[in-house]
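For reference, structure-v9.cif is printed below; it contains mmCIF, C-alpha atoms.
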data_start
#
loop_
_atom_site.group_PDB
_atom_site.id
_atom_site.type_symbol
_atom_site.label_atom_id
_atom_site.label_comp_id
_atom_site.auth_asym_id
_atom_site.auth_seq_id
_atom_site.Cartn_x
_atom_site.Cartn_y
_atom_site.Cartn_z
ATOM 1 C CA MET Q 13 0.000 0.000 0.000
ATOM 2 C CA LEU Q 14 1.513 3.348 -1.038
ATOM 3 C CA ARG Q 15 1.927 6.085 1.538
ATOM 4 C CA VAL Q 16 0.231 9.438 0.949
ATOM 5 C CA PRO Q 17 2.229 11.842 3.132
ATOM 6 C CA LEU Q 18 0.164 14.994 2.649
ATOM 7 C CA ASN Q 19 1.689 16.868 5.600
ATOM 8 C CA GLN Q 20 5.218 16.274 4.288
ATOM 9 C CA ILE Q 21 4.246 17.403 0.800
ATOM 10 C CA LEU Q 22 2.729 20.542 2.287
ATOM 11 C CA VAL Q 23 5.941 21.322 4.198
ATOM 12 C CA ILE Q 24 8.069 20.998 1.031
ATOM 13 C CA ILE Q 25 5.670 23.065 -1.093
ATOM 14 C CA VAL Q 26 5.340 25.850 1.494
ATOM 15 C CA LEU Q 27 9.120 25.941 1.877
ATOM 16 C CA SER Q 28 9.531 26.184 -1.929
ATOM 17 C CA LEU Q 29 6.962 29.001 -2.069
ATOM 18 C CA VAL Q 30 8.592 30.996 0.717
ATOM 19 C CA VAL Q 31 12.172 30.565 -0.515
ATOM 20 C CA GLY Q 32 11.217 31.016 -4.188
ATOM 21 C CA PHE Q 33 9.296 34.258 -3.680
ATOM 22 C CA PHE Q 34 11.806 35.621 -1.155
ATOM 23 C CA VAL Q 35 14.775 35.014 -3.464
ATOM 24 C CA ASN Q 36 12.835 36.495 -6.387
ATOM 25 C CA ILE Q 37 12.206 39.674 -4.377
ATOM 26 C CA ILE Q 38 15.795 40.205 -3.288
ATOM 27 C CA ARG Q 39 17.606 39.232 -6.492
ATOM 28 C CA SER Q 40 18.568 41.937 -8.998
ATOM 29 C CA ASP Q 41 17.126 40.027 -11.969
ATOM 30 C CA SER Q 42 13.741 39.263 -10.381
ATOM 31 C CA ILE Q 43 10.815 38.489 -12.683
ATOM 32 C CA PRO Q 44 7.163 39.661 -12.449
ATOM 33 C CA LEU Q 45 4.635 37.135 -11.142
ATOM 34 C CA LEU Q 46 2.835 37.022 -14.478
ATOM 35 C CA ALA Q 47 4.575 36.771 -17.841
ATOM 36 C CA LYS Q 48 3.814 39.367 -20.507
ATOM 37 C CA GLU Q 49 2.654 38.378 -23.970
ATOM 38 C CA MET Q 50 5.051 39.238 -26.788
ATOM 39 C CA SER Q 51 4.122 42.766 -27.954
ATOM 40 C CA ILE Q 52 2.638 43.236 -31.417
ATOM 41 C CA THR Q 53 4.367 45.862 -33.518
ATOM 42 C CA GLU Q 54 2.553 48.624 -35.406
ATOM 43 C CA ASP Q 55 5.487 49.907 -37.412
ATOM 44 C CA LEU Q 56 7.728 47.395 -39.157
ATOM 45 C CA ASP Q 57 10.444 50.028 -39.730
ATOM 46 C CA GLU Q 58 10.938 50.858 -36.071
ATOM 47 C CA ILE Q 59 12.227 47.578 -34.761
ATOM 48 C CA SER Q 60 15.427 47.176 -32.830
ATOM 49 C CA GLY Q 61 15.550 45.135 -29.685
ATOM 50 C CA GLU Q 62 13.441 42.325 -28.300
ATOM 51 C CA PRO Q 63 11.516 40.121 -30.766
ATOM 52 C CA VAL Q 64 8.037 41.370 -31.641
ATOM 53 C CA ALA Q 65 4.942 39.627 -32.968
ATOM 54 C CA ILE Q 66 3.514 40.447 -36.409
ATOM 55 C CA SER Q 67 0.220 39.784 -38.166
ATOM 56 C CA LEU Q 68 -0.386 37.849 -41.397
ATOM 57 C CA LEU Q 69 -0.486 41.045 -43.485
ATOM 58 C CA GLN Q 70 2.728 42.336 -41.958
ATOM 59 C CA ALA Q 71 4.355 38.958 -42.605
ATOM 60 C CA LYS Q 72 3.250 39.153 -46.255
ATOM 61 C CA THR Q 73 4.691 42.681 -46.558
ATOM 62 C CA LEU Q 74 8.053 41.449 -45.271
ATOM 63 C CA PHE Q 75 7.862 38.382 -47.537
ATOM 64 C CA ASP Q 76 7.332 40.646 -50.573
ATOM 65 C CA LYS Q 77 10.403 42.645 -49.555
ATOM 66 C CA GLY Q 78 12.479 39.452 -49.608
ATOM 67 C CA VAL Q 79 13.072 39.231 -45.867
ATOM 68 C CA VAL Q 80 14.463 35.886 -44.642
ATOM 69 C CA PHE Q 81 11.790 33.568 -43.179
ATOM 70 C CA VAL Q 82 12.886 30.795 -40.801
ATOM 71 C CA ASP Q 83 10.647 27.799 -40.130
ATOM 72 C CA ALA Q 84 11.066 26.770 -36.472
ATOM 73 C CA ARG Q 85 9.189 23.470 -36.826
ATOM 74 C CA GLY Q 86 10.828 20.064 -36.983
ATOM 75 C CA GLU Q 87 12.369 18.899 -40.233
ATOM 76 C CA GLU Q 88 9.528 16.461 -41.020
ATOM 77 C CA TYR Q 89 6.936 19.262 -40.877
ATOM 78 C CA PHE Q 90 9.165 21.509 -43.007
ATOM 79 C CA ALA Q 91 9.502 18.757 -45.591
ATOM 80 C CA ASP Q 92 5.690 18.436 -45.803
ATOM 81 C CA GLY Q 93 5.349 22.087 -46.821
ATOM 82 C CA HIS Q 94 6.619 25.511 -45.830
ATOM 83 C CA ILE Q 95 6.479 29.198 -46.713
ATOM 84 C CA GLN Q 96 8.220 29.750 -50.042
ATOM 85 C CA ASN Q 97 12.004 30.269 -49.771
ATOM 86 C CA SER Q 98 11.960 29.873 -45.987
ATOM 87 C CA TRP Q 99 14.859 28.185 -44.201
ATOM 88 C CA ASN Q 100 14.505 25.235 -41.884
ATOM 89 C CA SER Q 101 15.916 26.113 -38.479
ATOM 90 C CA GLY Q 102 17.900 22.849 -38.074
ATOM 91 C CA PHE Q 103 20.730 23.090 -35.560
ATOM 92 C CA PHE Q 104 20.755 26.397 -33.729
ATOM 93 C CA MET Q 105 24.471 27.167 -34.122
ATOM 94 C CA GLU Q 106 24.325 26.321 -37.819
ATOM 95 C CA LEU Q 107 21.338 28.644 -38.343
ATOM 96 C CA MET Q 108 23.028 31.412 -36.400
ATOM 97 C CA PHE Q 109 26.173 31.338 -38.537
ATOM 98 C CA LYS Q 110 24.148 31.036 -41.729
ATOM 99 C CA LEU Q 111 22.055 34.093 -40.839
ATOM 100 C CA ASP Q 112 25.066 36.055 -39.658
ATOM 101 C CA SER Q 113 27.054 35.415 -42.803
ATOM 102 C CA ALA Q 114 24.095 36.047 -45.119
ATOM 103 C CA GLN Q 115 22.991 39.385 -43.704
ATOM 104 C CA THR Q 116 24.718 40.191 -40.329
ATOM 105 C CA LYS Q 117 22.953 40.291 -36.979
ATOM 106 C CA SER Q 118 21.037 43.488 -37.769
ATOM 107 C CA GLY Q 119 19.248 41.977 -40.781
ATOM 108 C CA LEU Q 120 15.486 41.379 -40.621
ATOM 109 C CA VAL Q 121 14.359 37.830 -39.812
ATOM 110 C CA VAL Q 122 10.823 36.431 -39.606
ATOM 111 C CA LEU Q 123 10.310 33.293 -37.531
ATOM 112 C CA TYR Q 124 7.248 31.100 -37.647
ATOM 113 C CA CYS Q 125 6.038 27.669 -36.585
ATOM 114 C CA GLY Q 126 2.841 25.625 -36.971
ATOM 115 C CA GLU Q 127 0.123 27.892 -35.625
ATOM 116 C CA ASP Q 128 -0.724 30.404 -32.930
ATOM 117 C CA GLU Q 129 -0.276 27.941 -30.069
ATOM 118 C CA CYS Q 130 3.198 26.659 -30.825
ATOM 119 C CA GLY Q 131 6.179 27.941 -28.898
ATOM 120 C CA SER Q 132 9.044 27.009 -31.224
ATOM 121 C CA SER Q 133 9.201 30.351 -33.094
ATOM 122 C CA GLU Q 134 9.196 32.331 -29.829
ATOM 123 C CA GLU Q 135 11.962 30.155 -28.416
ATOM 124 C CA LEU Q 136 14.084 30.529 -31.547
ATOM 125 C CA ALA Q 137 13.527 34.306 -31.573
ATOM 126 C CA ASP Q 138 14.557 34.618 -27.911
ATOM 127 C CA ASP Q 139 17.642 32.466 -28.512
ATOM 128 C CA LEU Q 140 18.690 34.551 -31.537
ATOM 129 C CA TYR Q 141 18.037 37.740 -29.572
ATOM 130 C CA ASN Q 142 20.331 36.473 -26.796
ATOM 131 C CA GLU Q 143 23.016 35.968 -29.455
ATOM 132 C CA GLY Q 144 22.790 39.594 -30.589
ATOM 133 C CA PHE Q 145 20.259 39.500 -33.440
ATOM 134 C CA SER Q 146 18.202 42.660 -33.143
ATOM 135 C CA LYS Q 147 15.475 42.682 -35.786
ATOM 136 C CA LEU Q 148 13.376 39.614 -35.137
ATOM 137 C CA PHE Q 149 9.711 39.197 -35.991
ATOM 138 C CA VAL Q 150 7.548 36.320 -34.800
ATOM 139 C CA PHE Q 151 4.727 35.556 -37.197
ATOM 140 C CA LYS Q 152 2.366 33.945 -34.697
ATOM 141 C CA GLY Q 153 -0.246 32.730 -37.179
ATOM 142 C CA GLY Q 154 2.495 30.577 -38.650
ATOM 143 C CA TRP Q 155 2.261 27.959 -41.364
ATOM 144 C CA GLN Q 156 -1.461 27.337 -40.793
ATOM 145 C CA GLU Q 157 -2.571 30.966 -41.255
ATOM 146 C CA TRP Q 158 -0.196 31.534 -44.216
ATOM 147 C CA ASN Q 159 -1.322 28.376 -45.976
ATOM 148 C CA GLU Q 160 -5.029 29.112 -45.410
ATOM 149 C CA ALA Q 161 -4.538 32.609 -46.863
ATOM 150 C CA GLY Q 162 -3.268 31.009 -50.086
ATOM 151 C CA TYR Q 163 0.102 32.784 -49.983
ATOM 152 C CA PRO Q 164 3.156 31.256 -51.715
ATOM 153 C CA VAL Q 165 4.259 27.891 -50.333
ATOM 154 C CA GLU Q 166 6.475 25.072 -51.517
ATOM 155 C CA MET M 18 15.328 -10.383 -3.326
ATOM 156 C CA SER M 19 16.774 -10.090 0.175
ATOM 157 C CA ASN M 20 15.903 -7.164 2.426
ATOM 158 C CA GLU M 21 19.466 -5.943 2.283
ATOM 159 C CA MET M 22 19.357 -5.823 -1.495
ATOM 160 C CA LYS M 23 16.041 -3.973 -1.411
ATOM 161 C CA ASN M 24 17.412 -1.412 1.031
ATOM 162 C CA MET M 25 20.467 -0.952 -1.134
ATOM 163 C CA MET M 26 18.294 -0.363 -4.208
ATOM 164 C CA VAL M 27 16.221 2.230 -2.338
ATOM 165 C CA MET M 28 19.407 4.031 -1.260
ATOM 166 C CA ILE M 29 20.754 4.051 -4.830
ATOM 167 C CA CYS M 30 17.434 5.468 -6.106
ATOM 168 C CA ARG M 31 17.369 8.093 -3.355
ATOM 169 C CA ILE M 32 20.925 9.268 -4.022
ATOM 170 C CA PHE M 33 20.577 9.189 -7.820
ATOM 171 C CA LEU M 34 17.270 11.069 -7.825
ATOM 172 C CA GLY M 35 18.558 13.461 -5.176
ATOM 173 C CA PHE M 36 21.615 14.514 -7.176
ATOM 174 C CA MET M 37 19.569 14.585 -10.380
ATOM 175 C CA PHE M 38 17.036 17.026 -8.867
ATOM 176 C CA ILE M 39 19.751 19.232 -7.367
ATOM 177 C CA TYR M 40 21.610 19.340 -10.702
ATOM 178 C CA ALA M 41 18.368 20.072 -12.583
ATOM 179 C CA SER M 42 17.473 22.952 -10.269
ATOM 180 C CA LEU M 43 20.744 24.914 -10.365
ATOM 181 C CA ASP M 44 20.609 26.372 -13.894
ATOM 182 C CA LYS M 45 16.911 27.199 -13.426
ATOM 183 C CA ILE M 46 17.541 28.986 -10.127
ATOM 184 C CA ALA M 47 20.342 30.967 -11.792
ATOM 185 C CA ASN M 48 18.164 31.916 -14.811
ATOM 186 C CA PRO M 49 14.511 32.230 -13.709
ATOM 187 C CA GLU M 50 13.473 34.362 -16.670
ATOM 188 C CA GLU M 51 14.848 31.902 -19.195
ATOM 189 C CA PHE M 52 13.244 28.998 -17.353
ATOM 190 C CA ALA M 53 9.840 30.729 -17.173
ATOM 191 C CA LYS M 54 10.025 31.395 -20.924
ATOM 192 C CA GLN M 55 10.914 27.739 -21.450
ATOM 193 C CA ILE M 56 7.732 26.720 -19.592
ATOM 194 C CA GLY M 57 5.780 29.209 -21.721
ATOM 195 C CA TYR M 58 6.958 27.590 -24.968
ATOM 196 C CA TYR M 59 5.074 24.413 -23.963
ATOM 197 C CA LYS M 60 1.840 26.441 -24.306
ATOM 198 C CA VAL M 61 -0.043 24.629 -21.555
ATOM 199 C CA LEU M 62 -0.470 27.326 -18.891
ATOM 200 C CA PRO M 63 -2.937 30.244 -19.124
ATOM 201 C CA PHE M 64 -2.625 33.925 -18.041
ATOM 202 C CA GLY M 65 1.179 34.053 -17.977
ATOM 203 C CA ILE M 66 1.422 31.977 -14.791
ATOM 204 C CA GLU M 67 4.547 30.299 -16.139
ATOM 205 C CA ASN M 68 6.484 32.952 -14.211
ATOM 206 C CA ILE M 69 5.047 31.763 -10.859
ATOM 207 C CA LEU M 70 6.023 28.199 -11.752
ATOM 208 C CA GLY M 71 9.437 29.436 -12.891
ATOM 209 C CA ILE M 72 9.969 31.035 -9.474
ATOM 210 C CA ILE M 73 8.807 28.060 -7.361
ATOM 211 C CA LEU M 74 9.534 24.828 -9.284
ATOM 212 C CA PRO M 75 13.365 25.010 -9.239
ATOM 213 C CA TRP M 76 13.277 25.392 -5.456
ATOM 214 C CA THR M 77 10.878 22.458 -5.125
ATOM 215 C CA GLU M 78 13.336 20.374 -7.166
ATOM 216 C CA LEU M 79 16.259 21.498 -5.014
ATOM 217 C CA ILE M 80 14.436 20.805 -1.726
ATOM 218 C CA VAL M 81 13.181 17.410 -2.944
ATOM 219 C CA GLY M 82 16.745 16.521 -3.972
ATOM 220 C CA VAL M 83 18.221 17.547 -0.624
ATOM 221 C CA CYS M 84 15.456 15.706 1.288
ATOM 222 C CA LEU M 85 16.047 12.458 -0.630
ATOM 223 C CA ILE M 86 19.781 12.509 0.002
ATOM 224 C CA ALA M 87 19.658 13.772 3.588
ATOM 225 C CA GLY M 88 16.847 11.443 4.671
ATOM 226 C CA LEU M 89 14.385 14.200 5.517
ATOM 227 C CA LEU M 90 10.653 13.902 4.697
ATOM 228 C CA VAL M 91 11.518 11.089 2.276
ATOM 229 C CA ASP M 92 7.888 10.017 1.747
ATOM 230 C CA GLY M 93 6.837 13.547 0.796
ATOM 231 C CA ALA M 94 9.900 14.058 -1.415
ATOM 232 C CA ALA M 95 9.313 10.732 -3.209
ATOM 233 C CA LEU M 96 5.627 11.462 -3.817
ATOM 234 C CA LEU M 97 6.410 14.965 -5.083
ATOM 235 C CA SER M 98 9.003 13.434 -7.376
ATOM 236 C CA ILE M 99 6.332 11.055 -8.731
ATOM 237 C CA ILE M 100 3.907 13.952 -9.278
ATOM 238 C CA MET M 101 6.568 16.070 -11.028
ATOM 239 C CA MET M 102 7.534 13.207 -13.333
ATOM 240 C CA LEU M 103 3.889 12.615 -14.282
ATOM 241 C CA VAL M 104 3.419 16.319 -15.045
ATOM 242 C CA PHE M 105 6.659 16.450 -17.076
ATOM 243 C CA ILE M 106 5.698 13.331 -19.054
ATOM 244 C CA LEU M 107 2.266 14.807 -19.851
ATOM 245 C CA ALA M 108 3.683 18.227 -20.813
ATOM 246 C CA ILE M 109 6.358 16.720 -23.076
ATOM 247 C CA SER M 110 3.931 14.254 -24.697
ATOM 248 C CA GLN M 111 1.326 16.910 -25.527
ATOM 249 C CA ALA M 112 4.030 19.191 -26.983
ATOM 250 C CA MET M 113 5.382 16.379 -29.154
ATOM 251 C CA LEU M 114 1.900 15.358 -30.305
ATOM 252 C CA ARG M 115 1.206 18.968 -31.330
ATOM 253 C CA GLY M 116 4.497 19.151 -33.226
ATOM 254 C CA ILE M 117 5.991 21.806 -30.945
ATOM 255 C CA ASP M 118 9.700 21.560 -31.677
ATOM 256 C CA ILE M 119 11.352 23.055 -28.588
ATOM 257 C CA THR M 120 14.217 22.319 -26.238
ATOM 258 C CA CYS M 121 13.329 20.396 -23.100
ATOM 259 C CA GLY M 122 14.359 22.846 -20.375
ATOM 260 C CA CYS M 123 14.794 19.799 -18.152
ATOM 261 C CA PHE M 124 18.378 20.343 -16.980
ATOM 262 C CA LYS M 125 19.600 23.420 -18.858
ATOM 263 C CA VAL M 126 17.681 26.446 -20.075
ATOM 264 C CA SER M 127 20.143 27.451 -22.825
ATOM 265 C CA ALA M 128 19.544 27.177 -26.583
ATOM 266 C CA ASP M 129 21.879 24.187 -26.927
ATOM 267 C CA SER M 130 20.024 21.974 -24.408
ATOM 268 C CA ASP M 131 18.278 18.747 -25.459
ATOM 269 C CA LYS M 132 15.326 18.867 -27.841
ATOM 270 C CA LEU M 133 12.119 17.132 -26.787
ATOM 271 C CA GLY M 134 12.013 13.533 -27.924
ATOM 272 C CA LEU M 135 11.053 10.005 -26.992
ATOM 273 C CA ASP M 136 14.297 9.681 -25.057
ATOM 274 C CA THR M 137 13.165 12.545 -22.798
ATOM 275 C CA ILE M 138 9.926 10.704 -22.015
ATOM 276 C CA ILE M 139 11.699 7.381 -21.423
ATOM 277 C CA ARG M 140 14.159 9.117 -19.089
ATOM 278 C CA ASP M 141 11.287 10.594 -17.060
ATOM 279 C CA ILE M 142 9.528 7.201 -16.914
ATOM 280 C CA ILE M 143 12.719 5.705 -15.427
ATOM 281 C CA PHE M 144 12.829 8.510 -12.827
ATOM 282 C CA PHE M 145 9.129 7.861 -12.130
ATOM 283 C CA VAL M 146 9.806 4.163 -11.458
ATOM 284 C CA MET M 147 12.774 5.015 -9.218
ATOM 285 C CA SER M 148 10.566 7.405 -7.221
ATOM 286 C CA MET M 149 7.953 4.641 -6.850
ATOM 287 C CA ILE M 150 10.645 2.304 -5.496
ATOM 288 C CA VAL M 151 11.571 4.917 -2.869
ATOM 289 C CA LEU M 152 7.955 5.610 -1.852
ATOM 290 C CA ASN M 153 7.107 1.918 -1.706
ATOM 291 C CA ARG M 154 10.137 0.915 0.436
ATOM 292 C CA GLN M 155 9.516 -1.601 3.232
ATOM 293 C CA GLU M 156 12.179 -0.430 5.656
ATOM 294 C CA ARG M 157 13.372 3.048 6.543
ATOM 295 C CA LYS M 158 17.155 3.258 6.588
ATOM 296 C CA PHE M 159 19.244 6.404 7.019
ATOM 297 C CA GLU M 160 16.211 8.614 7.567
ATOM 298 C CA PHE M 161 16.265 11.306 10.195
ATOM 299 C CA LEU M 162 12.965 13.147 9.951
ATOM 300 C CA PRO M 163 10.853 11.154 10.718
ATOM 301 C CA LYS M 164 13.450 8.851 12.326
ATOM 302 C CA SER M 165 14.358 5.455 10.810
ATOM 303 C CA ASP M 166 12.661 2.321 12.231
#

Before anything else, please render the file you have as structure tokens.
Amino acid sequence: MLRVPLNQILVIIVLSLVVGFFVNIIRSDSIPLLAKEMSITEDLDEISGEPVAISLLQAKTLFDKGVVFVDARGEEYFADGHIQNSWNSGFFMELMFKLDSAQTKSGLVVLYCGEDECGSSEELADDLYNEGFSKLFVFKGGWQEWNEAGYPVE
Amino acid sequence: MSNEMKNMMVMICRIFLGFMFIYASLDKIANPEEFAKQIGYYKVLPFGIENILGIILPWTELIVGVCLIAGLLVDGAALLSIIMMLVFILAISQAMLRGIDITCGCFKVSADSDKLGLDTIIRDIIFFVMSMIVLNRQERKFEFLPKSD
């Protein structure tokens, strides 16, 4: 018969809560209790800093300008179909060097994944931002919204 | 299996899981923002509460690890370990089923940490079984709070 030590669990959880919140208050890099959603940009020309989210129409505008699109989904999804001319993310270091040598770290990059509720494009954007890339757009609607709109795919 | 062997197995599980939890907590405690974002990429929590989990969970892992090694509240630590493994297995499975291609955030929160995969799930199932062995132990050896039999 398995033990169900509720009082012991309570002690450990309360201790974690107290220590966790206390350390978060006193540390210099403390974080807010609730995470903020990625902000959506109004002006595509005024981007420099943290990654921002863009709409389908903004993504299409950037696509027409020839901006690099990076597909953050797994290789098997990429092989099934992707936004025309987009790159598969593959290994992070490889992508980073490829982007850097193609257009430097201040070049525009659009990242996307499957649909609104996938986190891969956000993760890739944050990772690239941490490596010094400064003009990163996350197209949240992703492959699903682009494909449904009938925009160029391959 | 003799009682001595069983006790030895429980001790090995306790020490292994203990060090594993302590190791897993350190990078997360050092980088709470990165860890909270990592939780967010799984897209399972509403209202931005990944930050609250990012603040508390690494400390729970650290305390559970210390308890398992030091012989303190071992029942509670083992059951919490079981619960955490179940939650991790569910979170990873749903992400994989939805095709979310992200890094695990299990031990490291950096970009070069392991991607989610079947191996991640199998690893957590092994940890789950080890936690069950600890919770289901017949004898209490090297435990100090509550005291050993």

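Across the model, the gap from CA of Glu143 (chain Q) to CA of Met108 (chain Q) is 8.3 Å.
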
Please write the residues picked by the PyMOL selection byres ((chain M) within 6 of (chain Q)) on this file as an mmCIF file with C-alpha atoms, in the frame of the given file.
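Listing of result-v1.cif after writing:
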data_model
loop_
_atom_site.group_PDB
_atom_site.id
_atom_site.type_symbol
_atom_site.label_atom_id
_atom_site.label_comp_id
_atom_site.auth_asym_id
_atom_site.auth_seq_id
_atom_site.Cartn_x
_atom_site.Cartn_y
_atom_site.Cartn_z
ATOM 1 C CA TYR M 58 6.958 27.590 -24.968
ATOM 2 C CA GLY M 65 1.179 34.053 -17.977
ATOM 3 C CA ILE M 66 1.422 31.977 -14.791
ATOM 4 C CA ASN M 68 6.484 32.952 -14.211
ATOM 5 C CA ILE M 69 5.047 31.763 -10.859
ATOM 6 C CA ILE M 72 9.969 31.035 -9.474
ATOM 7 C CA ILE M 73 8.807 28.060 -7.361
ATOM 8 C CA TRP M 76 13.277 25.392 -5.456
ATOM 9 C CA THR M 77 10.878 22.458 -5.125
ATOM 10 C CA LEU M 90 10.653 13.902 4.697
ATOM 11 C CA GLY M 93 6.837 13.547 0.796
ATOM 12 C CA ILE M 117 5.991 21.806 -30.945
ATOM 13 C CA ASP M 118 9.700 21.560 -31.677
ATOM 14 C CA ILE M 119 11.352 23.055 -28.588
ATOM 15 C CA ALA M 128 19.544 27.177 -26.583
ATOM 16 C CA ASN M 153 7.107 1.918 -1.706
#

Original post:
With distances taken over only C-alpha atoms, which of Q:Lys77, Q:Lys72, Q:Lys152, Q:Lys147 is nearest to Leu111 (chain Q)?
Top reply: Q:Lys147

**OP:** Mind listing whatever residues come within 9 Å of the point (8.3, 4.0, -5.9)? Use all atoms listed in the file, file coordinates, and give them as a PyMOL selection string.
**Re:** (chain Q and resi 14) or (chain M and resi 27+95-96+99+145-154)

Original post:
Exactly which residues make up the result of the PyMOL selection byres ((chain Q and resi 54-57) around 12) on this file, given as number ranges by chain?
Top reply: Q: 51-53, 58-60, 63-67, 69-74, 77, 79, 119-122, 147-150

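The space separating CA of Phe90 (chain Q) from CA of Cys121 (chain M) comes to 20.4 Å.
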
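The space separating CA of Lys125 (chain M) from CA of Lys45 (chain M) comes to 7.1 Å.
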
**OP:** Run the PyMOL selection byres ((chain M and resi 44) around 12) mentally over the shown coordinates, then write out the matched residues as a PyMOL selection string, using the chain letters and numbers from the document.
**Re:** chain M and resi 38-43+45-52+71+75-76+78-79+122-127+130

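If you measure from each of M:Val91, M:Leu70, M:Leu114, M:Ile29 to Pro163 (chain M) using only C-alpha atoms, the closest one turns out to be M:Val91.
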
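Using only C-alpha atoms, the shortest contact distance between Asp83 (chain Q) and any of Q:Ser146, Q:Gly154, Q:Glu62, Q:Thr116 is found at Q:Gly154.
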
Subject >> Protein/DNA/RNA residues near (12.0, 30.8, -52.0), cut 10 Å, all atoms listed in the file, as number ranges by chain >> reply: Q: 75, 78, 80-81, 94-99, 164-166

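Minimum atom-to-atom distances from Q:Ala91, Q:Tyr124, Q:Gly144, Q:Asp76 to Glu157 (chain Q) were compared using all atoms listed in the file, and the lowest value belongs to Q:Tyr124.
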